[in-house]
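Colleague: work00.txt is reproduced in full below (compact mmCIF, C-alpha atoms).
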```txt
# COMPACT_ATOMS: atom_id res chain seq x y z
CA MET Q 1 -13.30 -70.09 -25.01
CA ALA Q 2 -15.71 -72.14 -22.90
CA ALA Q 3 -14.13 -70.73 -19.76
CA LEU Q 4 -15.30 -67.29 -20.86
CA GLN Q 5 -18.98 -68.24 -21.14
CA ILE Q 6 -21.22 -65.64 -19.55
CA GLY Q 7 -24.99 -65.72 -19.14
CA SER Q 8 -25.48 -61.97 -19.17
CA ARG Q 9 -28.19 -60.54 -21.40
CA LEU Q 10 -26.12 -57.39 -21.77
CA LEU Q 11 -23.06 -59.19 -23.06
CA ARG Q 12 -25.15 -61.16 -25.53
CA ARG Q 13 -26.41 -57.82 -26.82
CA VAL Q 14 -23.05 -56.09 -27.16
CA LEU Q 15 -21.19 -59.15 -28.43
CA PRO Q 16 -23.67 -60.44 -31.02
CA ARG Q 17 -20.96 -62.20 -33.01
CA PHE Q 18 -20.45 -64.54 -30.06
CA ASN Q 19 -23.99 -65.35 -28.90
CA GLN Q 20 -23.11 -69.04 -29.04
CA LEU Q 21 -20.67 -68.56 -26.16
CA TYR Q 22 -23.40 -67.57 -23.74
CA SER Q 23 -26.16 -69.50 -22.07
CA THR Q 24 -29.88 -68.77 -22.50
CA GLU Q 25 -30.30 -67.49 -18.96
CA THR Q 26 -31.57 -63.94 -18.64
CA SER Q 27 -30.74 -61.22 -16.18
CA ASN Q 28 -33.03 -58.73 -14.51
CA ASN Q 29 -30.20 -56.26 -13.93
CA ALA Q 30 -30.38 -52.81 -15.43
CA ASP Q 31 -28.25 -52.14 -18.51
CA VAL Q 32 -24.70 -51.00 -17.95
CA GLY Q 33 -24.62 -47.25 -18.02
CA THR Q 34 -27.67 -46.76 -15.82
CA ASP Q 35 -27.36 -45.19 -12.39
CA ASN Q 36 -25.16 -47.33 -10.17
CA GLY Q 37 -25.39 -45.01 -7.20
CA PRO Q 38 -22.13 -44.07 -5.50
CA LEU Q 39 -19.23 -46.07 -6.94
CA ILE Q 40 -17.11 -47.43 -4.10
CA SER Q 41 -13.52 -48.20 -5.08
CA SER Q 42 -11.50 -50.62 -2.97
CA LEU Q 43 -8.48 -52.89 -3.21
CA ASP Q 44 -10.73 -55.44 -4.93
CA PRO Q 45 -11.06 -54.10 -8.51
CA SER Q 46 -14.65 -55.40 -8.70
CA SER Q 47 -15.76 -53.36 -5.70
CA GLY Q 48 -18.61 -50.98 -6.54
CA LEU Q 49 -19.45 -52.62 -9.87
CA ASN Q 50 -22.85 -54.01 -10.76
CA ASP Q 51 -23.28 -57.66 -11.75
CA GLU Q 52 -22.93 -57.05 -15.48
CA GLN Q 53 -19.82 -54.93 -15.02
CA ARG Q 54 -18.31 -57.70 -12.91
CA GLN Q 55 -19.00 -60.17 -15.70
CA ILE Q 56 -17.33 -57.87 -18.21
CA GLN Q 57 -14.37 -57.50 -15.87
CA LYS Q 58 -14.12 -61.26 -15.34
CA MET Q 59 -14.17 -61.92 -19.06
CA ALA Q 60 -11.36 -59.40 -19.63
CA THR Q 61 -9.34 -60.71 -16.68
CA ASP Q 62 -9.71 -64.33 -17.78
CA PHE Q 63 -8.59 -63.41 -21.28
CA ALA Q 64 -5.62 -61.45 -19.94
CA LEU Q 65 -4.42 -64.24 -17.67
CA LYS Q 66 -4.91 -67.05 -20.19
CA GLU Q 67 -4.18 -65.46 -23.55
CA MET Q 68 -1.76 -62.63 -22.71
CA ARG Q 69 0.17 -63.10 -19.46
CA PRO Q 70 1.86 -66.40 -20.51
CA TYR Q 71 3.27 -64.69 -23.62
CA MET Q 72 3.96 -61.12 -22.55
CA ASP Q 73 7.67 -61.68 -21.90
CA LYS Q 74 8.09 -63.38 -25.29
CA TRP Q 75 6.30 -60.51 -27.06
CA ASP Q 76 8.53 -58.07 -25.19
CA GLN Q 77 11.87 -59.76 -25.73
CA GLU Q 78 11.25 -60.74 -29.35
CA GLU Q 79 9.35 -57.51 -30.14
CA LEU Q 80 6.35 -59.38 -31.53
CA PHE Q 81 3.14 -57.59 -32.49
CA PRO Q 82 0.52 -60.15 -31.34
CA VAL Q 83 -2.01 -59.69 -34.13
CA ASP Q 84 -3.83 -62.98 -33.60
CA THR Q 85 -4.23 -62.41 -29.87
CA MET Q 86 -5.59 -58.91 -30.42
CA ARG Q 87 -8.09 -60.26 -32.94
CA GLN Q 88 -9.20 -62.77 -30.32
CA ALA Q 89 -9.69 -59.82 -27.96
CA ALA Q 90 -11.68 -58.03 -30.65
CA ALA Q 91 -13.89 -61.10 -30.98
CA LEU Q 92 -14.88 -60.47 -27.36
CA GLY Q 93 -15.77 -56.87 -28.20
CA PHE Q 94 -12.50 -55.18 -27.21
CA GLY Q 95 -11.72 -53.64 -30.62
CA GLY Q 96 -14.47 -51.02 -30.41
CA VAL Q 97 -15.32 -50.96 -26.73
CA TYR Q 98 -17.06 -47.56 -26.61
CA THR Q 99 -18.02 -47.42 -30.28
CA ARG Q 100 -21.70 -47.53 -31.26
CA THR Q 101 -23.18 -50.92 -32.06
CA ASP Q 102 -24.75 -50.24 -35.48
CA PHE Q 103 -21.47 -50.88 -37.32
CA GLY Q 104 -20.01 -53.52 -35.03
CA GLY Q 105 -18.94 -51.59 -31.95
CA THR Q 106 -19.53 -52.94 -28.46
CA GLY Q 107 -21.44 -49.90 -27.19
CA LEU Q 108 -20.10 -49.79 -23.63
CA ASN Q 109 -19.35 -46.58 -21.75
CA ARG Q 110 -16.07 -45.10 -20.52
CA LEU Q 111 -16.33 -46.66 -17.08
CA GLU Q 112 -16.65 -50.13 -18.57
CA ALA Q 113 -13.79 -49.34 -20.95
CA SER Q 114 -11.58 -48.42 -17.99
CA ILE Q 115 -12.54 -51.66 -16.24
CA ILE Q 116 -11.64 -53.67 -19.36
CA PHE Q 117 -8.31 -51.94 -20.01
CA GLU Q 118 -7.27 -52.25 -16.36
CA ALA Q 119 -8.01 -55.97 -16.50
CA LEU Q 120 -6.28 -56.58 -19.85
CA SER Q 121 -3.14 -54.73 -18.82
CA GLN Q 122 -2.51 -57.28 -16.08
CA GLY Q 123 -1.83 -59.65 -18.97
CA CYS Q 124 0.35 -57.26 -20.98
CA VAL Q 125 0.55 -53.49 -20.57
CA SER Q 126 2.17 -52.86 -23.94
CA THR Q 127 -0.39 -54.81 -25.96
CA THR Q 128 -3.29 -53.33 -24.00
CA ALA Q 129 -1.93 -49.82 -24.51
CA TYR Q 130 -1.98 -50.39 -28.28
CA ILE Q 131 -5.54 -51.71 -28.02
CA THR Q 132 -6.53 -48.47 -26.26
CA ILE Q 133 -5.00 -46.38 -29.06
CA HIS Q 134 -6.79 -48.49 -31.65
CA ASN Q 135 -10.03 -47.95 -29.73
CA MET Q 136 -9.45 -44.19 -29.79
CA VAL Q 137 -9.04 -44.27 -33.59
CA THR Q 138 -12.22 -46.33 -33.97
CA TRP Q 139 -14.13 -43.96 -31.69
CA ILE Q 140 -12.97 -40.85 -33.57
CA ILE Q 141 -14.19 -42.25 -36.90
CA ASP Q 142 -17.44 -43.41 -35.31
CA THR Q 143 -18.04 -40.07 -33.58
CA TYR Q 144 -16.89 -37.55 -36.17
CA GLY Q 145 -17.06 -39.49 -39.42
CA ASN Q 146 -20.06 -39.40 -41.75
CA ASP Q 147 -22.26 -42.45 -42.26
CA LYS Q 148 -20.32 -43.58 -45.32
CA GLN Q 149 -17.01 -43.40 -43.45
CA ARG Q 150 -18.46 -45.16 -40.43
CA GLU Q 151 -19.95 -47.94 -42.53
CA HIS Q 152 -16.70 -48.46 -44.46
CA TYR Q 153 -14.13 -48.30 -41.65
CA VAL Q 154 -15.71 -49.06 -38.27
CA PRO Q 155 -16.63 -52.74 -38.85
CA LYS Q 156 -13.09 -53.72 -39.87
CA LEU Q 157 -11.57 -51.72 -37.02
CA ALA Q 158 -13.99 -53.07 -34.40
CA SER Q 159 -13.12 -56.63 -35.46
CA MET Q 160 -9.42 -55.72 -35.72
CA GLU Q 161 -9.35 -57.07 -39.22
CA HIS Q 162 -7.73 -53.69 -39.73
CA PHE Q 163 -5.63 -51.80 -37.18
CA GLY Q 164 -5.57 -48.06 -36.55
CA SER Q 165 -2.96 -45.46 -35.54
CA TYR Q 166 -3.35 -41.93 -34.19
CA CYS Q 167 -0.88 -39.43 -35.65
CA LEU Q 168 -0.49 -36.10 -33.87
CA THR Q 169 3.06 -35.79 -32.51
CA GLU Q 170 5.79 -34.49 -34.84
CA PRO Q 171 9.57 -34.28 -34.49
CA GLY Q 172 9.22 -30.55 -33.78
CA SER Q 173 5.88 -30.43 -31.97
CA GLY Q 174 5.14 -32.62 -29.00
CA SER Q 175 3.46 -30.85 -26.11
CA ASP Q 176 2.82 -27.83 -28.36
CA ALA Q 177 0.56 -29.83 -30.65
CA ALA Q 178 -1.13 -26.77 -32.17
CA SER Q 179 2.18 -25.79 -33.80
CA LEU Q 180 2.29 -28.91 -35.99
CA SER Q 181 3.78 -28.36 -39.42
CA THR Q 182 2.48 -31.25 -41.54
CA VAL Q 183 0.72 -29.46 -44.42
CA ALA Q 184 -2.13 -30.59 -46.66
CA LYS Q 185 -2.74 -28.40 -49.71
CA ARG Q 186 -5.96 -28.88 -51.57
CA GLU Q 187 -5.80 -29.46 -55.31
CA GLY Q 188 -9.23 -30.16 -56.74
CA GLY Q 189 -10.71 -33.25 -55.14
CA LYS Q 190 -7.61 -34.22 -53.18
CA PHE Q 191 -5.10 -32.99 -50.62
CA ILE Q 192 -1.35 -33.15 -51.21
CA VAL Q 193 0.17 -33.90 -47.81
CA ASN Q 194 3.78 -33.30 -46.77
CA GLY Q 195 5.34 -33.73 -43.36
CA SER Q 196 6.09 -36.40 -40.79
CA LYS Q 197 4.75 -37.75 -37.52
CA ALA Q 198 6.90 -39.18 -34.73
CA PHE Q 199 6.53 -42.01 -32.22
CA ILE Q 200 3.47 -43.52 -33.88
CA SER Q 201 2.24 -46.71 -32.23
CA GLY Q 202 1.45 -49.30 -34.87
CA GLY Q 203 3.39 -47.35 -37.47
CA GLY Q 204 4.01 -49.52 -40.52
CA GLU Q 205 1.66 -52.25 -39.28
CA SER Q 206 -1.63 -50.37 -38.99
CA ASP Q 207 -4.01 -50.12 -41.93
CA VAL Q 208 -5.64 -46.78 -41.05
CA TYR Q 209 -3.85 -43.59 -39.96
CA LEU Q 210 -5.68 -40.58 -38.55
CA VAL Q 211 -3.28 -37.76 -39.37
CA MET Q 212 -3.64 -34.26 -37.97
CA THR Q 213 -2.57 -31.87 -40.73
CA ARG Q 214 -2.59 -28.15 -41.39
CA THR Q 215 -5.11 -27.45 -44.16
CA GLN Q 216 -5.65 -23.77 -43.40
CA GLY Q 217 -3.87 -21.03 -41.44
CA GLU Q 218 -1.74 -21.03 -38.32
CA GLY Q 219 -2.98 -22.15 -34.91
CA PRO Q 220 -5.42 -24.85 -33.84
CA LYS Q 221 -8.25 -23.73 -36.16
CA GLY Q 222 -6.13 -24.49 -39.21
CA ILE Q 223 -5.82 -28.20 -38.39
CA SER Q 224 -7.90 -30.96 -39.99
CA CYS Q 225 -8.06 -34.72 -39.44
CA LEU Q 226 -7.30 -36.81 -42.53
CA LEU Q 227 -7.77 -40.56 -42.78
CA ILE Q 228 -4.91 -42.08 -44.77
CA GLU Q 229 -4.85 -45.76 -45.65
CA LYS Q 230 -1.74 -47.90 -45.70
CA GLY Q 231 -0.53 -48.29 -49.27
CA THR Q 232 -1.43 -44.74 -50.28
CA PRO Q 233 1.31 -43.41 -52.62
CA GLY Q 234 3.56 -41.00 -50.73
CA LEU Q 235 2.99 -42.67 -47.35
CA SER Q 236 6.06 -44.40 -45.89
CA PHE Q 237 7.52 -45.26 -42.52
CA GLY Q 238 10.77 -44.79 -40.64
CA LYS Q 239 12.81 -47.46 -38.92
CA LYS Q 240 11.30 -49.43 -36.08
CA GLU Q 241 12.32 -47.65 -32.88
CA LYS Q 242 14.23 -49.52 -30.17
CA LYS Q 243 12.46 -48.75 -26.91
CA MET Q 244 12.74 -49.26 -23.16
CA GLY Q 245 9.23 -50.74 -23.07
CA TRP Q 246 6.09 -51.10 -25.15
CA ASN Q 247 7.99 -53.64 -27.23
CA SER Q 248 4.97 -55.69 -28.31
CA GLN Q 249 3.86 -52.79 -30.50
CA PRO Q 250 5.97 -51.25 -33.26
CA THR Q 251 6.77 -47.54 -33.11
CA ARG Q 252 7.83 -45.73 -36.27
CA ALA Q 253 7.79 -42.31 -37.87
CA VAL Q 254 4.99 -41.80 -40.39
CA ILE Q 255 6.37 -39.95 -43.42
CA LEU Q 256 4.22 -38.12 -45.97
CA GLU Q 257 5.80 -36.99 -49.23
CA ASP Q 258 3.37 -35.58 -51.78
CA CYS Q 259 0.85 -38.03 -50.39
CA GLU Q 260 -2.45 -37.74 -52.26
CA VAL Q 261 -5.51 -38.05 -50.02
CA PRO Q 262 -9.09 -37.74 -51.32
CA VAL Q 263 -11.08 -34.81 -49.91
CA GLU Q 264 -13.75 -37.28 -48.79
CA ASN Q 265 -11.19 -38.68 -46.30
CA VAL Q 266 -11.53 -35.64 -44.06
CA ILE Q 267 -12.94 -36.78 -40.70
CA GLY Q 268 -15.34 -34.17 -39.38
CA ALA Q 269 -15.13 -30.70 -40.87
CA GLU Q 270 -12.05 -28.93 -42.17
CA GLY Q 271 -10.52 -26.97 -39.31
CA GLN Q 272 -12.01 -29.31 -36.69
CA GLY Q 273 -8.95 -31.53 -36.40
CA PHE Q 274 -7.44 -30.00 -33.27
CA ASN Q 275 -10.70 -30.30 -31.36
CA ILE Q 276 -11.03 -33.91 -32.53
CA ALA Q 277 -7.48 -34.64 -31.44
CA MET Q 278 -8.05 -33.14 -27.99
CA ALA Q 279 -11.35 -34.99 -27.54
CA GLY Q 280 -9.55 -38.21 -28.36
CA LEU Q 281 -6.82 -37.41 -25.85
CA ASN Q 282 -9.27 -36.94 -22.97
CA GLY Q 283 -10.27 -40.57 -23.35
CA GLY Q 284 -6.72 -41.57 -24.20
CA ARG Q 285 -5.46 -40.17 -20.90
CA LEU Q 286 -8.12 -42.12 -19.06
CA ASN Q 287 -7.24 -45.30 -20.97
CA ILE Q 288 -3.52 -45.00 -20.26
CA ALA Q 289 -4.20 -44.35 -16.59
CA SER Q 290 -6.32 -47.52 -16.57
CA THR Q 291 -3.47 -49.60 -17.95
CA SER Q 292 -1.18 -48.23 -15.24
CA LEU Q 293 -3.76 -49.36 -12.70
CA GLY Q 294 -3.63 -52.90 -14.06
CA ALA Q 295 0.15 -53.04 -13.79
CA ALA Q 296 0.02 -51.75 -10.21
CA GLN Q 297 -2.71 -54.22 -9.23
CA ALA Q 298 -0.76 -57.15 -10.68
CA SER Q 299 2.45 -55.95 -9.01
CA ILE Q 300 0.82 -55.68 -5.60
CA GLU Q 301 -0.63 -59.18 -5.93
CA ALA Q 302 2.76 -60.59 -6.96
CA THR Q 303 4.44 -58.79 -4.05
CA ARG Q 304 1.86 -60.05 -1.57
CA ASP Q 305 2.55 -63.62 -2.65
CA HIS Q 306 6.31 -63.09 -2.61
CA VAL Q 307 6.60 -61.58 0.88
CA LYS Q 308 4.47 -64.34 2.37
CA VAL Q 309 6.83 -67.11 1.22
CA ARG Q 310 10.22 -65.37 1.10
CA LYS Q 311 12.06 -65.79 4.43
CA GLN Q 312 14.93 -63.84 5.92
CA PHE Q 313 16.29 -64.00 9.46
CA GLY Q 314 14.08 -67.00 10.12
CA GLN Q 315 10.73 -65.38 9.29
CA SER Q 316 8.68 -64.35 6.29
CA LEU Q 317 9.16 -60.87 4.89
CA ALA Q 318 5.46 -60.24 5.55
CA SER Q 319 6.09 -60.43 9.31
CA PHE Q 320 8.37 -57.36 9.27
CA GLN Q 321 6.60 -54.13 10.11
CA HIS Q 322 8.52 -52.18 7.50
CA ILE Q 323 7.26 -54.52 4.78
CA GLN Q 324 3.72 -54.29 6.15
CA PHE Q 325 3.88 -50.51 6.03
CA GLU Q 326 5.19 -50.55 2.46
CA ILE Q 327 2.33 -52.84 1.40
CA ALA Q 328 -0.15 -50.57 3.19
CA GLN Q 329 1.16 -47.53 1.31
CA MET Q 330 0.99 -49.37 -2.03
CA ALA Q 331 -2.57 -50.52 -1.41
CA THR Q 332 -3.75 -47.10 -0.29
CA LYS Q 333 -2.21 -45.39 -3.29
CA LEU Q 334 -3.75 -47.93 -5.66
CA VAL Q 335 -7.26 -47.36 -4.32
CA ALA Q 336 -6.79 -43.58 -4.55
CA CYS Q 337 -5.71 -43.97 -8.19
CA ARG Q 338 -8.63 -46.25 -9.06
CA THR Q 339 -11.05 -43.81 -7.45
CA MET Q 340 -9.70 -40.92 -9.52
CA VAL Q 341 -9.77 -42.88 -12.78
CA ARG Q 342 -13.31 -44.15 -12.34
CA ASN Q 343 -14.48 -40.72 -11.22
CA ALA Q 344 -13.06 -39.23 -14.43
CA ALA Q 345 -14.63 -42.03 -16.48
CA MET Q 346 -18.05 -41.26 -15.03
CA ALA Q 347 -17.44 -37.59 -15.75
CA MET Q 348 -16.93 -38.48 -19.41
CA ASP Q 349 -20.05 -40.64 -19.43
CA THR Q 350 -22.17 -37.84 -17.99
CA LYS Q 351 -20.48 -35.08 -20.03
CA HIS Q 352 -19.45 -33.26 -16.88
CA PRO Q 353 -18.10 -29.75 -17.58
CA ASP Q 354 -14.80 -30.55 -15.86
CA ILE Q 355 -13.90 -33.49 -18.12
CA VAL Q 356 -10.55 -32.03 -19.23
CA THR Q 357 -9.47 -31.24 -15.67
CA LEU Q 358 -10.62 -34.55 -14.19
CA CYS Q 359 -9.01 -36.64 -16.96
CA SER Q 360 -5.78 -34.65 -16.59
CA MET Q 361 -5.80 -35.13 -12.81
CA ALA Q 362 -6.44 -38.85 -13.18
CA LYS Q 363 -3.68 -39.29 -15.75
CA LEU Q 364 -1.18 -37.19 -13.76
CA PHE Q 365 -1.80 -38.80 -10.39
CA THR Q 366 -2.32 -42.36 -11.56
CA THR Q 367 0.62 -42.72 -13.93
CA ASP Q 368 3.03 -41.13 -11.44
CA THR Q 369 1.69 -43.06 -8.46
CA CYS Q 370 1.37 -46.44 -10.17
CA PHE Q 371 4.96 -46.17 -11.37
CA ASP Q 372 5.97 -45.67 -7.74
CA ILE Q 373 3.86 -48.68 -6.68
CA VAL Q 374 5.47 -50.95 -9.27
CA ASN Q 375 8.94 -49.63 -8.41
CA THR Q 376 8.31 -50.42 -4.74
CA ALA Q 377 7.08 -53.88 -5.74
CA LEU Q 378 10.34 -54.45 -7.59
CA GLN Q 379 12.32 -53.34 -4.53
CA LEU Q 380 10.41 -55.71 -2.26
CA HIS Q 381 11.24 -58.57 -4.63
CA GLY Q 382 14.92 -57.79 -4.15
CA GLY Q 383 17.22 -59.15 -6.84
CA TYR Q 384 14.43 -61.36 -8.16
CA GLY Q 385 12.42 -58.29 -9.15
CA TYR Q 386 15.23 -57.24 -11.49
CA LEU Q 387 15.12 -60.52 -13.40
CA LYS Q 388 13.15 -61.02 -16.58
CA ASP Q 389 11.89 -64.30 -15.10
CA TYR Q 390 9.49 -62.15 -13.05
CA PRO Q 391 6.92 -59.77 -14.58
CA ILE Q 392 7.60 -56.77 -12.31
CA GLU Q 393 10.50 -55.33 -14.30
CA GLN Q 394 8.44 -55.48 -17.51
CA TYR Q 395 5.49 -53.74 -15.89
CA LEU Q 396 7.93 -51.05 -14.73
CA ARG Q 397 9.46 -50.56 -18.18
CA ASP Q 398 6.09 -50.57 -19.93
CA ILE Q 399 4.35 -48.02 -17.70
CA ARG Q 400 7.24 -45.56 -17.56
CA VAL Q 401 6.19 -43.99 -20.86
CA HIS Q 402 2.69 -43.34 -19.51
CA GLN Q 403 4.10 -40.30 -17.73
CA ILE Q 404 5.14 -38.92 -21.12
CA LEU Q 405 2.54 -39.77 -23.76
CA GLU Q 406 -1.03 -38.50 -24.23
CA GLY Q 407 0.36 -35.21 -22.95
CA THR Q 408 3.30 -35.23 -20.54
CA ASN Q 409 2.51 -35.05 -16.85
CA GLN Q 410 3.98 -31.57 -16.86
CA VAL Q 411 1.33 -30.56 -19.39
CA MET Q 412 -1.29 -32.24 -17.19
CA GLN Q 413 -0.20 -29.91 -14.38
CA ILE Q 414 -0.65 -26.91 -16.66
CA LEU Q 415 -4.19 -28.03 -17.53
CA VAL Q 416 -5.09 -28.66 -13.90
CA SER Q 417 -3.60 -25.34 -12.76
CA ARG Q 418 -5.70 -23.44 -15.30
CA ALA Q 419 -8.84 -24.81 -13.69
CA ALA Q 420 -7.56 -24.27 -10.15
CA LEU Q 421 -6.57 -20.65 -10.83
CA LYS Q 422 -9.85 -19.53 -12.43
```
Can you present the structure in this file as structure tokens?

Modeller:
Amino acid sequence: MAALQIGSRLLRRVLPRFNQLYSTETSNNADVGTDNGPLISSLDPSSGLNDEQRQIQKMATDFALKEMRPYMDKWDQEELFPVDTMRQAAALGFGGVYTRTDFGGTGLNRLEASIIFEALSQGCVSTTAYITIHNMVTWIIDTYGNDKQREHYVPKLASMEHFGSYCLTEPGSGSDAASLSTVAKREGGKFIVNGSKAFISGGGESDVYLVMTRTQGEGPKGISCLLIEKGTPGLSFGKKEKKMGWNSQPTRAVILEDCEVPVENVIGAEGQGFNIAMAGLNGGRLNIASTSLGAAQASIEATRDHVKVRKQFGQSLASFQHIQFEIAQMATKLVACRTMVRNAAMAMDTKHPDIVTLCSMAKLFTTDTCFDIVNTALQLHGGYGYLKDYPIEQYLRDIRVHQILEGTNQVMQILVSRAALK
């Protein structure tokens, strides 16, 4: 951990559990979240960041390269859920990145969260993607829960003593989330919940499940958000799904059969669940786009190193103009993606009226484009890129699902077109 020592006053404030890691030097920089002026994105991920943001980024990058990258292929091939590593990440403040500090959150903003998730995903996309989902669960409880709920659940989630899952998708309702059919009928001081949720990250392993259920009539206004703890009678899980990627996190159906949930486990107000779910997805789309950025950045760096040393026809691949042009296209696309993601993050931080549109644009463009970047990186590696000895093929498999989840990219186009056609 000594390699992660940082002298920043800000980090000592937001990571109070680890003050001993940091020196006693102080900084005169403004707190993160103050006006940075125009944010300039470039091929260097630290471009445009202030000193404290660079320190946050360095800490996340160091952790990713030392504690995640050496093990990501093992986690993938053996389908291991790296609980201990994630708890180490939480010890650095990554379990509640944009959750308020009074109950153990780190208190950073969405821009810093994007910086962190981009950095971590260079170590393992799949594990980082789960961490982003866990962060969304923690944020929802912190934002919409009452003080009692926040005090009870947020500290254990922020430390990753407990893990969280977000449960919206059902076997019969994916993109049409408002048509969900999981029903919660109130009987006195409890709800009786019946239904099932599909493709739930952390299913069977997580301790806390935020389940969107129908407590009232049809349509989005009839949906409420219920917090259901693992071990609740009537809560069970399907088989562990066999997947193309995201193998370091388990995916299972969440099954509810006469599951009794106390009324006090409603997060927010009854009927507010759909709005809560959509608010969570705005940030979720940004988070997933950020993890795609990390995979693309790592793939470009690996390709740069490969084409400089790999020789054909008596010269390095980097000396061929075609290869140079491919690298130029990859680099240009990456910077365009990073610009869109960070622009959307700042829109969330400033509560810009176009948050939904900007997050949808960023998710659509970045997940599509970064997949193309990583695919090109694999091609430039030739047969080596197809081997599991190299990380490119795993990045490719892990980010493919980003074009599907948190709202498919076809749904993103619908959301963007609504704004464009006003």

Colleague: Select, from Q:Leu43, Q:Lys185, Q:Gln122, Q:Lys240, the residue with the minimum atom-to-atom distance to Ala64 in chain Q, counting all atoms listed in the file.

Modeller: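 Result for the nearest residue to Ala64 in chain Q: Q:Gln122.
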
Colleague: Could you list, as a PyMOL selection string, every residue within 9 Å of Met72 in chain Q, counting all atoms listed in the file and ignoring same-chain residues fewer than 6 positions away?

Modeller: chain Q and resi 123-127+248+391+394

Colleague: Pick from Q:Met68, Q:Lys74, Q:Glu406, Q:Leu111: nearest to Thr350 in chain Q, with all atoms listed in the file counted?

Modeller: Q:Leu111

Colleague: May I ask for the distance between CA of Ser175 in chain Q and CA of Gln410 in chain Q, given in Å to one decimal place?

Modeller: 9.3 Å

Colleague: Could you list, as a ChimeraX atom specification, every residue within 12 Å of range 212-222 of chain Q, counting only C-alpha atoms and ignoring same-chain residues fewer than 4 positions away?

Modeller: /Q:165-170,173,176-187,190-197,226-228,254,256,259,261,263,266-278,280

Colleague: Take the residues from that selection and put them in a file with C-alpha atoms, as a compact mmCIF listing (two decimals), keeping the file's coordinate frame.

Modeller:
```txt
# COMPACT_ATOMS: atom_id res chain seq x y z
CA SER Q 165 -2.96 -45.46 -35.54
CA TYR Q 166 -3.35 -41.93 -34.19
CA CYS Q 167 -0.88 -39.43 -35.65
CA LEU Q 168 -0.49 -36.10 -33.87
CA THR Q 169 3.06 -35.79 -32.51
CA GLU Q 170 5.79 -34.49 -34.84
CA SER Q 173 5.88 -30.43 -31.97
CA ASP Q 176 2.82 -27.83 -28.36
CA ALA Q 177 0.56 -29.83 -30.65
CA ALA Q 178 -1.13 -26.77 -32.17
CA SER Q 179 2.18 -25.79 -33.80
CA LEU Q 180 2.29 -28.91 -35.99
CA SER Q 181 3.78 -28.36 -39.42
CA THR Q 182 2.48 -31.25 -41.54
CA VAL Q 183 0.72 -29.46 -44.42
CA ALA Q 184 -2.13 -30.59 -46.66
CA LYS Q 185 -2.74 -28.40 -49.71
CA ARG Q 186 -5.96 -28.88 -51.57
CA GLU Q 187 -5.80 -29.46 -55.31
CA LYS Q 190 -7.61 -34.22 -53.18
CA PHE Q 191 -5.10 -32.99 -50.62
CA ILE Q 192 -1.35 -33.15 -51.21
CA VAL Q 193 0.17 -33.90 -47.81
CA ASN Q 194 3.78 -33.30 -46.77
CA GLY Q 195 5.34 -33.73 -43.36
CA SER Q 196 6.09 -36.40 -40.79
CA LYS Q 197 4.75 -37.75 -37.52
CA LEU Q 226 -7.30 -36.81 -42.53
CA LEU Q 227 -7.77 -40.56 -42.78
CA ILE Q 228 -4.91 -42.08 -44.77
CA VAL Q 254 4.99 -41.80 -40.39
CA LEU Q 256 4.22 -38.12 -45.97
CA CYS Q 259 0.85 -38.03 -50.39
CA VAL Q 261 -5.51 -38.05 -50.02
CA VAL Q 263 -11.08 -34.81 -49.91
CA VAL Q 266 -11.53 -35.64 -44.06
CA ILE Q 267 -12.94 -36.78 -40.70
CA GLY Q 268 -15.34 -34.17 -39.38
CA ALA Q 269 -15.13 -30.70 -40.87
CA GLU Q 270 -12.05 -28.93 -42.17
CA GLY Q 271 -10.52 -26.97 -39.31
CA GLN Q 272 -12.01 -29.31 -36.69
CA GLY Q 273 -8.95 -31.53 -36.40
CA PHE Q 274 -7.44 -30.00 -33.27
CA ASN Q 275 -10.70 -30.30 -31.36
CA ILE Q 276 -11.03 -33.91 -32.53
CA ALA Q 277 -7.48 -34.64 -31.44
CA MET Q 278 -8.05 -33.14 -27.99
CA GLY Q 280 -9.55 -38.21 -28.36
```

Colleague: Between Q:Ser206, Q:Ser41, Q:Ser292, Q:Asn409, which one has atoms that come closest to Asn343 in chain Q, using all atoms listed in the file?

Modeller: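 Ranking Q:Ser206, Q:Ser41, Q:Ser292, Q:Asn409 by distance to Asn343 in chain Q, first place goes to Q:Ser41.
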
Colleague: Smallest atom-to-atom distance to Gly145 in chain Q: which of Q:Met86, Q:Ala419, Q:Leu210, Q:Met330, using all atoms listed in the file?

Modeller: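 Checking each candidate against Gly145 in chain Q, we get Q:Leu210 as the closest.
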
Colleague: At what distance in Å, to one decimal, does CA of Cys370 in chain Q lie from CA of Leu293 in chain Q?

Modeller: 6.4 Å

Colleague: Using all atoms listed in the file, find all polymer residues with an atom at most 8 Å away from the point (6.5, -45.5, -31.5); report them as an MDAnalysis selection string.

Modeller: chainID Q and resid 198:203 240:241 249:253

Colleague: Find, counting all atoms listed in the file, the residue in Q:Thr143, Q:Thr101, Q:Asn282, Q:Thr376 that gets nearest to Leu358 in chain Q.

Modeller: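 Result for the nearest residue to Leu358 in chain Q: Q:Asn282.
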